[in-house]
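Here the structure is laid out as structure tokens; the discussion comes afterwards.
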Amino acid sequence: MDSKNIIIIGGGLCGLTSAYLLAKEGITTTILEARNRLGGRIHTLRKDGKAPIEMGATWLGKKHHHLLDLLDELNIGITEQFMGDKGYYEPMSVSPPQLVDLPPNEEPSYRIEGGSDNLINSLANYPDDNQVLLDQAVTSIRKNSNKLEVETNNDLFKADTIINTLPPKLLMDSVAFTPKLPNGLHKTAHQTHTWMAESIKVALTFQEPFWRKPNSSGTIFSNVGPVNEMYDHSDEHQSRYALKGFMNEAYHSVSQNDRKELVLKQLRRFYGDKADSYCSYHETLWKDETYSFAKYDNHIVPHQNNGNPIFQKPYWDNQLFISGSETANSFPGYMDGAVESAQRTIDQIIEKV
Ligand SMILES: Cc1cc2nc3c(=O)[nH]c(=O)nc-3n(C[C@H](O)[C@H](O)[C@H](O)COP(=O)(O)OP(=O)(O)OC[C@H]3O[C@@H](n4cnc5c(N)ncnc54)[C@H](O)[C@@H]3O)c2cc1C
């Protein structure tokens, strides 16, 4: 097999882990990534020496063995999410926020030291001859006898083997296959949710962590909104400070200015005027991210069809592999699932070689 001709579609965690695992076996690949950045649903904002802000994947747990083993192999540490002893809880709009005791966390969450993109950059910088091509949105894949052609918005590529890492629904909506893929696969992919792709993330950086006091912590839970939950998002050295949370998805239709004003108004309810001392305000509406979100025809239950065996078998005479976090058996939709699915696919390809 001409190993130069393995094309990986998508430069997110699964695509980069796949390239890394193949590189360890001496097999080079070409990654075609639609965006002008790597990482996909992992996106760390780095601005003017402020705390790195995770607009995508942030937390992992000790149960995420595939991810933890990979981080360990790449010498990347993890750090426990700061929660504090007390947080604010807003039960309803007609009553003021309450300061509540936070129960001890038996399963703490951790963050990737240096930021989630530390993992993406380490994988991308693994020394080998891999090609990583940005701004290459795949639009169609054709099979002519045993040769595959991949067409993007910019180019045409030939391949012997293709690893898809797009979330299944997005793949079916954005890539045309000739010949058509089996109906069962098509139907299942159409009914597979892309984890977190409707989320709105919001973050503010600050000069001082004014929320870190005996009687508050940066942890907020609210039924009132617009922010439903928020956490301390300072860096692991406790030298750059931020708060980060999730906004109610209903605020997608509100203007950016109004959203920002409503977030500040909510933070003033907890922290008074200190909320206005923010250095920068950031938000990502993942529904607007063409290369992550695909609109559903009907309501799709989160995690529905994740890890379905129909995704896990090769197609087109062992030349086409459907990978990506949503296809994993354990923790599908999460970073761990992305790593697991990459390992499954690469094992299948190595077996084939
Ligand atoms: C807001 C948010 C918060 C999250 N929080 C967490 C968390 O705390 N913990 C956790 O474990 N997980 C979290 N996740 C999920 C986690 O980000 C994903 O499980 C993981 O990053 C998926 O990796 P992937 O490579 O399988 O898919 P993706 O990251 O979706 O990668 C697919 C890649 O394909 C590219 N692409 C798309 N279309 C095309 C095309 N036509 N041609 C070429 N390339 C294309 C995309 O740009 C992307 O780079 C979160 C996700 C989001 C959005």
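Going through the structure tokens in order, the chains are called A, B, and so on, while each chain numbers its residues from 1 and the ligands are numbered from 1 in the order shown.
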
Contacts of ligand 1, 6 Å or closer, only C-alpha atoms and all ligand atoms, given as a PDB file with N, CA and C atoms, in the first residue's frame:
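And here's out_30.pdb as it stands now:
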ATOM      1  N   ILE A   9      -9.667  13.405   6.703  1.00  0.00           N
ATOM      2  CA  ILE A   9     -10.523  14.587   6.525  1.00  0.00           C
ATOM      3  C   ILE A   9     -10.867  15.144   7.902  1.00  0.00           C
ATOM      4  N   GLY A  10     -10.378  16.362   8.161  1.00  0.00           N
ATOM      5  CA  GLY A  10     -10.637  17.016   9.442  1.00  0.00           C
ATOM      6  C   GLY A  10      -9.399  17.023  10.322  1.00  0.00           C
ATOM      7  N   GLY A  11      -9.023  18.227  10.775  1.00  0.00           N
ATOM      8  CA  GLY A  11      -7.842  18.387  11.635  1.00  0.00           C
ATOM      9  C   GLY A  11      -8.230  18.715  13.063  1.00  0.00           C
ATOM     10  N   GLY A  12      -9.249  18.029  13.575  1.00  0.00           N
ATOM     11  CA  GLY A  12      -9.594  18.143  14.998  1.00  0.00           C
ATOM     12  C   GLY A  12      -8.792  17.113  15.781  1.00  0.00           C
ATOM     13  N   LEU A  13      -9.227  16.847  17.009  1.00  0.00           N
ATOM     14  CA  LEU A  13      -8.461  15.927  17.866  1.00  0.00           C
ATOM     15  C   LEU A  13      -8.375  14.540  17.243  1.00  0.00           C
ATOM     16  N   CYS A  14      -9.463  14.054  16.662  1.00  0.00           N
ATOM     17  CA  CYS A  14      -9.434  12.714  16.077  1.00  0.00           C
ATOM     18  C   CYS A  14      -8.499  12.665  14.875  1.00  0.00           C
ATOM     19  N   GLY A  15      -8.602  13.655  13.986  1.00  0.00           N
ATOM     20  CA  GLY A  15      -7.762  13.663  12.789  1.00  0.00           C
ATOM     21  C   GLY A  15      -6.286  13.744  13.144  1.00  0.00           C
ATOM     22  N   LEU A  32      -6.714  17.111   5.490  1.00  0.00           N
ATOM     23  CA  LEU A  32      -7.422  18.211   4.828  1.00  0.00           C
ATOM     24  C   LEU A  32      -8.365  18.837   5.844  1.00  0.00           C
ATOM     25  N   GLU A  33      -8.120  20.083   6.174  1.00  0.00           N
ATOM     26  CA  GLU A  33      -8.912  20.772   7.204  1.00  0.00           C
ATOM     27  C   GLU A  33      -9.609  21.983   6.564  1.00  0.00           C
ATOM     28  N   ALA A  34     -10.904  22.087   6.798  1.00  0.00           N
ATOM     29  CA  ALA A  34     -11.694  23.149   6.168  1.00  0.00           C
ATOM     30  C   ALA A  34     -11.396  24.534   6.737  1.00  0.00           C
ATOM     31  N   ARG A  35     -11.199  24.597   8.045  1.00  0.00           N
ATOM     32  CA  ARG A  35     -10.980  25.919   8.671  1.00  0.00           C
ATOM     33  C   ARG A  35      -9.553  26.398   8.396  1.00  0.00           C
ATOM     34  N   LEU A  38      -6.382  24.542  13.191  1.00  0.00           N
ATOM     35  CA  LEU A  38      -6.591  23.146  13.585  1.00  0.00           C
ATOM     36  C   LEU A  38      -7.389  23.108  14.887  1.00  0.00           C
ATOM     37  N   GLY A  39      -7.870  21.949  15.268  1.00  0.00           N
ATOM     38  CA  GLY A  39      -8.501  21.776  16.583  1.00  0.00           C
ATOM     39  C   GLY A  39      -9.990  21.503  16.539  1.00  0.00           C
ATOM     40  N   GLY A  40     -10.687  21.995  15.501  1.00  0.00           N
ATOM     41  CA  GLY A  40     -12.135  21.759  15.405  1.00  0.00           C
ATOM     42  C   GLY A  40     -12.867  22.248  16.644  1.00  0.00           C
ATOM     43  N   ARG A  41     -13.517  21.314  17.352  1.00  0.00           N
ATOM     44  CA  ARG A  41     -14.288  21.699  18.539  1.00  0.00           C
ATOM     45  C   ARG A  41     -13.392  21.969  19.751  1.00  0.00           C
ATOM     46  N   ILE A  42     -12.092  21.932  19.563  1.00  0.00           N
ATOM     47  CA  ILE A  42     -11.154  22.442  20.576  1.00  0.00           C
ATOM     48  C   ILE A  42     -10.651  23.777  20.037  1.00  0.00           C
ATOM     49  N   MET A  55     -12.983  28.118  24.219  1.00  0.00           N
ATOM     50  CA  MET A  55     -14.321  28.318  23.667  1.00  0.00           C
ATOM     51  C   MET A  55     -14.949  26.983  23.274  1.00  0.00           C
ATOM     52  N   GLY A  56     -14.133  25.930  23.261  1.00  0.00           N
ATOM     53  CA  GLY A  56     -14.637  24.580  22.996  1.00  0.00           C
ATOM     54  C   GLY A  56     -14.301  23.682  24.166  1.00  0.00           C
ATOM     55  N   ALA A  57     -13.822  22.463  23.863  1.00  0.00           N
ATOM     56  CA  ALA A  57     -13.600  21.451  24.911  1.00  0.00           C
ATOM     57  C   ALA A  57     -12.628  21.946  25.981  1.00  0.00           C
ATOM     58  N   THR A  58     -12.985  21.668  27.231  1.00  0.00           N
ATOM     59  CA  THR A  58     -12.208  22.172  28.363  1.00  0.00           C
ATOM     60  C   THR A  58     -11.872  21.085  29.379  1.00  0.00           C
ATOM     61  N   TRP A  59     -12.894  20.318  29.807  1.00  0.00           N
ATOM     62  CA  TRP A  59     -12.715  19.461  30.988  1.00  0.00           C
ATOM     63  C   TRP A  59     -12.575  17.988  30.630  1.00  0.00           C
ATOM     64  N   LEU A  60     -11.840  17.306  31.488  1.00  0.00           N
ATOM     65  CA  LEU A  60     -11.745  15.847  31.401  1.00  0.00           C
ATOM     66  C   LEU A  60     -11.777  15.284  32.810  1.00  0.00           C
ATOM     67  N   GLN A 136      -9.144  23.702   3.275  1.00  0.00           N
ATOM     68  CA  GLN A 136      -9.480  22.675   2.284  1.00  0.00           C
ATOM     69  C   GLN A 136     -10.767  22.003   2.739  1.00  0.00           C
ATOM     70  N   ALA A 137     -11.892  22.587   2.379  1.00  0.00           N
ATOM     71  CA  ALA A 137     -13.183  22.011   2.771  1.00  0.00           C
ATOM     72  C   ALA A 137     -13.571  20.928   1.765  1.00  0.00           C
ATOM     73  N   VAL A 138     -13.631  19.698   2.224  1.00  0.00           N
ATOM     74  CA  VAL A 138     -13.966  18.579   1.332  1.00  0.00           C
ATOM     75  C   VAL A 138     -15.436  18.682   0.941  1.00  0.00           C
ATOM     76  N   THR A 139     -15.682  18.568  -0.355  1.00  0.00           N
ATOM     77  CA  THR A 139     -17.070  18.679  -0.843  1.00  0.00           C
ATOM     78  C   THR A 139     -17.553  17.363  -1.446  1.00  0.00           C
ATOM     79  N   THR A 165     -13.166  12.215   9.743  1.00  0.00           N
ATOM     80  CA  THR A 165     -13.312  12.508  11.183  1.00  0.00           C
ATOM     81  C   THR A 165     -14.388  13.564  11.423  1.00  0.00           C
ATOM     82  N   LEU A 166     -15.155  13.897  10.382  1.00  0.00           N
ATOM     83  CA  LEU A 166     -16.255  14.860  10.581  1.00  0.00           C
ATOM     84  C   LEU A 166     -17.351  14.189  11.397  1.00  0.00           C
ATOM     85  N   PRO A 167     -18.050  14.934  12.259  1.00  0.00           N
ATOM     86  CA  PRO A 167     -19.203  14.341  12.934  1.00  0.00           C
ATOM     87  C   PRO A 167     -20.162  13.782  11.874  1.00  0.00           C
ATOM     88  N   SER A 174     -22.452  17.654   4.164  1.00  0.00           N
ATOM     89  CA  SER A 174     -21.519  18.511   3.431  1.00  0.00           C
ATOM     90  C   SER A 174     -20.670  17.787   2.385  1.00  0.00           C
ATOM     91  N   MET A 196     -22.433  19.123  21.756  1.00  0.00           N
ATOM     92  CA  MET A 196     -22.138  20.510  22.125  1.00  0.00           C
ATOM     93  C   MET A 196     -22.212  21.502  20.963  1.00  0.00           C
ATOM     94  N   ALA A 197     -22.631  21.047  19.799  1.00  0.00           N
ATOM     95  CA  ALA A 197     -22.556  21.945  18.642  1.00  0.00           C
ATOM     96  C   ALA A 197     -23.637  23.027  18.639  1.00  0.00           C
ATOM     97  N   SER A 199     -24.016  24.831  21.542  1.00  0.00           N
ATOM     98  CA  SER A 199     -23.677  25.613  22.745  1.00  0.00           C
ATOM     99  C   SER A 199     -23.321  27.055  22.433  1.00  0.00           C
ATOM    100  N   TYR A 291     -18.400  24.486  10.142  1.00  0.00           N
ATOM    101  CA  TYR A 291     -17.640  23.239  10.094  1.00  0.00           C
ATOM    102  C   TYR A 291     -17.764  22.423  11.386  1.00  0.00           C
ATOM    103  N   SER A 292     -18.779  22.762  12.193  1.00  0.00           N
ATOM    104  CA  SER A 292     -19.087  21.928  13.370  1.00  0.00           C
ATOM    105  C   SER A 292     -20.569  21.579  13.419  1.00  0.00           C
ATOM    106  N   GLY A 324     -14.055   9.705  14.309  1.00  0.00           N
ATOM    107  CA  GLY A 324     -14.527  10.925  14.981  1.00  0.00           C
ATOM    108  C   GLY A 324     -15.202  10.565  16.292  1.00  0.00           C
ATOM    109  N   SER A 325     -15.227  11.539  17.177  1.00  0.00           N
ATOM    110  CA  SER A 325     -15.668  11.285  18.554  1.00  0.00           C
ATOM    111  C   SER A 325     -17.034  10.601  18.646  1.00  0.00           C
ATOM    112  N   GLY A 333     -18.499  11.721  21.745  1.00  0.00           N
ATOM    113  CA  GLY A 333     -18.847  13.148  21.808  1.00  0.00           C
ATOM    114  C   GLY A 333     -17.802  13.938  22.587  1.00  0.00           C
ATOM    115  N   TYR A 334     -17.027  13.239  23.410  1.00  0.00           N
ATOM    116  CA  TYR A 334     -16.030  13.924  24.258  1.00  0.00           C
ATOM    117  C   TYR A 334     -14.633  13.776  23.634  1.00  0.00           C
ATOM    118  N   MET A 335     -13.685  14.510  24.204  1.00  0.00           N
ATOM    119  CA  MET A 335     -12.306  14.414  23.717  1.00  0.00           C
ATOM    120  C   MET A 335     -11.815  12.970  23.804  1.00  0.00           C
ATOM    121  N   ASP A 336     -12.184  12.298  24.898  1.00  0.00           N
ATOM    122  CA  ASP A 336     -11.764  10.903  25.059  1.00  0.00           C
ATOM    123  C   ASP A 336     -12.263  10.049  23.893  1.00  0.00           C
ATOM    124  N   ALA A 338     -12.871  11.055  20.893  1.00  0.00           N
ATOM    125  CA  ALA A 338     -12.114  11.395  19.678  1.00  0.00           C
ATOM    126  C   ALA A 338     -10.829  10.564  19.619  1.00  0.00           C
TER     127      ALA A 338
END

Exercise. Identify, with DSSP run on backbone atoms, the residues in region 26-213 of chain A assigned to alpha helix (DSSP H), and express the list as number ranges by chain.
Key: A: 65-73, 117-124, 168-174, 183-190

Quiz prompt | Which residue of A:Trp316, A:Phe246, A:Trp211, A:Phe311 approaches Pro168 (chain A) most closely, using only C-alpha atoms | solution =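 Selected residue with least distance to Pro168 (chain A): A:Phe311.
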
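Nearest to Val202 (chain A) of all the residues A:His66, A:Lys352, A:His233, A:Lys86 is A:His233, based on only C-alpha atoms.
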
Quiz item: What separation in Å, quoted to one decimal, exists between CA of Met92 (chain A) and CA of Ser216 (chain A)?
Solution: 19.4 Å

Quiz item: Taking into account only C-alpha atoms, which residue in the set A:Val353, A:Asn75, A:Phe210, A:Ile8 is nearest to Lys274 (chain A)?
Solution: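 When distances to Lys274 (chain A) are compared using only C-alpha atoms, the smallest one comes from A:Phe210.
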
Quiz item: Hey, what's within 9 Å of Asn305 (chain A) if we count only C-alpha atoms and toss same-chain stuff fewer than 6 positions away? As a PyMOL selection string, please?
Solution: chain A and resi 188-189+191-193+326-327

For Ser95 (chain A): contacts at 12 Å, only C-alpha atoms, fewer than 4 positions along chain excluded, given as a PDB file with C-alpha atoms, in the first residue's frame:
ATOM      1  CA  TYR A  89     -27.285  29.979  42.776  1.00  0.00           C
ATOM      2  CA  GLU A  90     -30.157  31.820  41.075  1.00  0.00           C
ATOM      3  CA  PRO A  91     -33.293  29.705  41.418  1.00  0.00           C
ATOM      4  CA  SER A 222     -28.591  29.967  37.352  1.00  0.00           C
ATOM      5  CA  ASN A 223     -32.115  29.140  36.206  1.00  0.00           C
ATOM      6  CA  VAL A 224     -32.509  32.810  35.267  1.00  0.00           C
ATOM      7  CA  ARG A 269     -26.180  40.673  40.591  1.00  0.00           C
TER       8      ARG A 269
END

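Using only C-alpha atoms, the shortest contact distance between Tyr278 (chain A) and any of A:Ile322, A:Met247, A:Ala203, A:Leu74 is found at A:Ala203.
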
Quiz prompt | Interatomic distance (Å, one decimal) between CA of Lys180 (chain A) and CA of Lys143 (chain A) | solution =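 CA of Lys180 (chain A) sits 9.9 Å away from CA of Lys143 (chain A).
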
Quiz item: How many Å separate CA of Phe321 (chain A) from CA of Thr345 (chain A)?
Solution: 6.9 Å

Quiz item: Neighbours of Ala275 (chain A) within 12 Å (only C-alpha atoms; same-chain residues fewer than 3 positions away dropped), as a PyMOL selection string?
Solution: chain A and resi 204-211+218+242-243+260-272+278-281

Could the residues in this selection be saved with N, CA and C atoms as a PDB file, in the first residue's frame?
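Generated output (again-v6.pdb):
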ATOM      1  N   LEU A 204     -15.018  36.106  30.107  1.00  0.00           N
ATOM      2  CA  LEU A 204     -14.512  37.464  30.352  1.00  0.00           C
ATOM      3  C   LEU A 204     -13.163  37.340  31.055  1.00  0.00           C
ATOM      4  N   THR A 205     -12.198  38.137  30.606  1.00  0.00           N
ATOM      5  CA  THR A 205     -10.909  38.134  31.304  1.00  0.00           C
ATOM      6  C   THR A 205     -10.874  39.350  32.238  1.00  0.00           C
ATOM      7  N   PHE A 206     -10.115  39.216  33.324  1.00  0.00           N
ATOM      8  CA  PHE A 206     -10.032  40.277  34.339  1.00  0.00           C
ATOM      9  C   PHE A 206      -8.580  40.451  34.794  1.00  0.00           C
ATOM     10  N   GLN A 207      -8.305  41.634  35.320  1.00  0.00           N
ATOM     11  CA  GLN A 207      -6.982  41.912  35.873  1.00  0.00           C
ATOM     12  C   GLN A 207      -6.830  41.255  37.245  1.00  0.00           C
ATOM     13  N   GLU A 208      -7.931  41.208  38.010  1.00  0.00           N
ATOM     14  CA  GLU A 208      -7.910  40.671  39.380  1.00  0.00           C
ATOM     15  C   GLU A 208      -9.013  39.619  39.550  1.00  0.00           C
ATOM     16  N   PRO A 209      -8.749  38.556  40.312  1.00  0.00           N
ATOM     17  CA  PRO A 209      -9.788  37.529  40.531  1.00  0.00           C
ATOM     18  C   PRO A 209     -10.665  37.914  41.727  1.00  0.00           C
ATOM     19  N   PHE A 210     -11.442  38.990  41.577  1.00  0.00           N
ATOM     20  CA  PHE A 210     -12.193  39.542  42.720  1.00  0.00           C
ATOM     21  C   PHE A 210     -13.199  38.545  43.290  1.00  0.00           C
ATOM     22  N   TRP A 211     -13.541  37.511  42.504  1.00  0.00           N
ATOM     23  CA  TRP A 211     -14.525  36.521  42.954  1.00  0.00           C
ATOM     24  C   TRP A 211     -13.917  35.509  43.926  1.00  0.00           C
ATOM     25  N   GLY A 218     -16.534  32.243  41.915  1.00  0.00           N
ATOM     26  CA  GLY A 218     -16.603  32.268  40.451  1.00  0.00           C
ATOM     27  C   GLY A 218     -17.555  31.200  39.937  1.00  0.00           C
ATOM     28  N   ALA A 242      -9.832  34.781  34.590  1.00  0.00           N
ATOM     29  CA  ALA A 242     -11.009  34.800  33.707  1.00  0.00           C
ATOM     30  C   ALA A 242     -12.152  34.033  34.346  1.00  0.00           C
ATOM     31  N   LEU A 243     -13.355  34.343  33.869  1.00  0.00           N
ATOM     32  CA  LEU A 243     -14.556  33.568  34.186  1.00  0.00           C
ATOM     33  C   LEU A 243     -15.082  33.048  32.856  1.00  0.00           C
ATOM     34  N   LYS A 260     -24.190  40.661  25.504  1.00  0.00           N
ATOM     35  CA  LYS A 260     -23.111  41.122  26.384  1.00  0.00           C
ATOM     36  C   LYS A 260     -23.690  41.925  27.552  1.00  0.00           C
ATOM     37  N   GLU A 261     -24.604  42.843  27.232  1.00  0.00           N
ATOM     38  CA  GLU A 261     -25.219  43.661  28.293  1.00  0.00           C
ATOM     39  C   GLU A 261     -25.944  42.789  29.321  1.00  0.00           C
ATOM     40  N   LEU A 262     -26.648  41.756  28.814  1.00  0.00           N
ATOM     41  CA  LEU A 262     -27.406  40.881  29.722  1.00  0.00           C
ATOM     42  C   LEU A 262     -26.469  40.051  30.607  1.00  0.00           C
ATOM     43  N   VAL A 263     -25.333  39.648  30.028  1.00  0.00           N
ATOM     44  CA  VAL A 263     -24.353  38.876  30.813  1.00  0.00           C
ATOM     45  C   VAL A 263     -23.794  39.767  31.927  1.00  0.00           C
ATOM     46  N   LEU A 264     -23.436  41.010  31.565  1.00  0.00           N
ATOM     47  CA  LEU A 264     -22.873  41.924  32.575  1.00  0.00           C
ATOM     48  C   LEU A 264     -23.900  42.233  33.661  1.00  0.00           C
ATOM     49  N   LYS A 265     -25.145  42.414  33.240  1.00  0.00           N
ATOM     50  CA  LYS A 265     -26.218  42.693  34.206  1.00  0.00           C
ATOM     51  C   LYS A 265     -26.331  41.523  35.196  1.00  0.00           C
ATOM     52  N   GLN A 266     -26.233  40.300  34.647  1.00  0.00           N
ATOM     53  CA  GLN A 266     -26.325  39.125  35.521  1.00  0.00           C
ATOM     54  C   GLN A 266     -25.128  39.073  36.484  1.00  0.00           C
ATOM     55  N   LEU A 267     -23.924  39.328  35.958  1.00  0.00           N
ATOM     56  CA  LEU A 267     -22.733  39.262  36.825  1.00  0.00           C
ATOM     57  C   LEU A 267     -22.766  40.335  37.913  1.00  0.00           C
ATOM     58  N   ARG A 268     -23.387  41.495  37.592  1.00  0.00           N
ATOM     59  CA  ARG A 268     -23.512  42.556  38.620  1.00  0.00           C
ATOM     60  C   ARG A 268     -24.366  42.082  39.782  1.00  0.00           C
ATOM     61  N   ARG A 269     -25.327  41.187  39.501  1.00  0.00           N
ATOM     62  CA  ARG A 269     -26.180  40.673  40.591  1.00  0.00           C
ATOM     63  C   ARG A 269     -25.339  39.913  41.621  1.00  0.00           C
ATOM     64  N   PHE A 270     -24.224  39.329  41.172  1.00  0.00           N
ATOM     65  CA  PHE A 270     -23.370  38.581  42.104  1.00  0.00           C
ATOM     66  C   PHE A 270     -22.215  39.432  42.633  1.00  0.00           C
ATOM     67  N   TYR A 271     -21.597  40.183  41.732  1.00  0.00           N
ATOM     68  CA  TYR A 271     -20.309  40.815  42.079  1.00  0.00           C
ATOM     69  C   TYR A 271     -20.366  42.342  42.075  1.00  0.00           C
ATOM     70  N   GLY A 272     -21.540  42.936  41.872  1.00  0.00           N
ATOM     71  CA  GLY A 272     -21.650  44.394  41.836  1.00  0.00           C
ATOM     72  C   GLY A 272     -20.866  44.987  40.674  1.00  0.00           C
ATOM     73  N   TYR A 278     -14.006  44.104  33.532  1.00  0.00           N
ATOM     74  CA  TYR A 278     -13.462  43.086  32.609  1.00  0.00           C
ATOM     75  C   TYR A 278     -12.500  43.728  31.601  1.00  0.00           C
ATOM     76  N   CYS A 279     -11.487  42.940  31.191  1.00  0.00           N
ATOM     77  CA  CYS A 279     -10.552  43.430  30.165  1.00  0.00           C
ATOM     78  C   CYS A 279     -11.055  43.070  28.783  1.00  0.00           C
ATOM     79  N   SER A 280     -11.621  41.867  28.634  1.00  0.00           N
ATOM     80  CA  SER A 280     -12.130  41.480  27.311  1.00  0.00           C
ATOM     81  C   SER A 280     -13.315  40.545  27.489  1.00  0.00           C
ATOM     82  N   TYR A 281     -14.208  40.597  26.511  1.00  0.00           N
ATOM     83  CA  TYR A 281     -15.426  39.765  26.514  1.00  0.00           C
ATOM     84  C   TYR A 281     -15.380  38.893  25.260  1.00  0.00           C
TER      85      TYR A 281
END

Quiz prompt | Nearby residues (only C-alpha atoms) at most 6 Å from Arg240 (chain A), same-chain spacing under 2 positions excluded, as a ChimeraX atom specification | solution = /A:50-51,234-235,238

Quiz prompt | Pick from A:Ile78, A:Leu123, A:Ile300, A:Leu185, whichever lies nearest to Tyr20 (chain A) using only C-alpha atoms | solution =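 Using only C-alpha atoms, Tyr20 (chain A) sits closest to A:Leu123.
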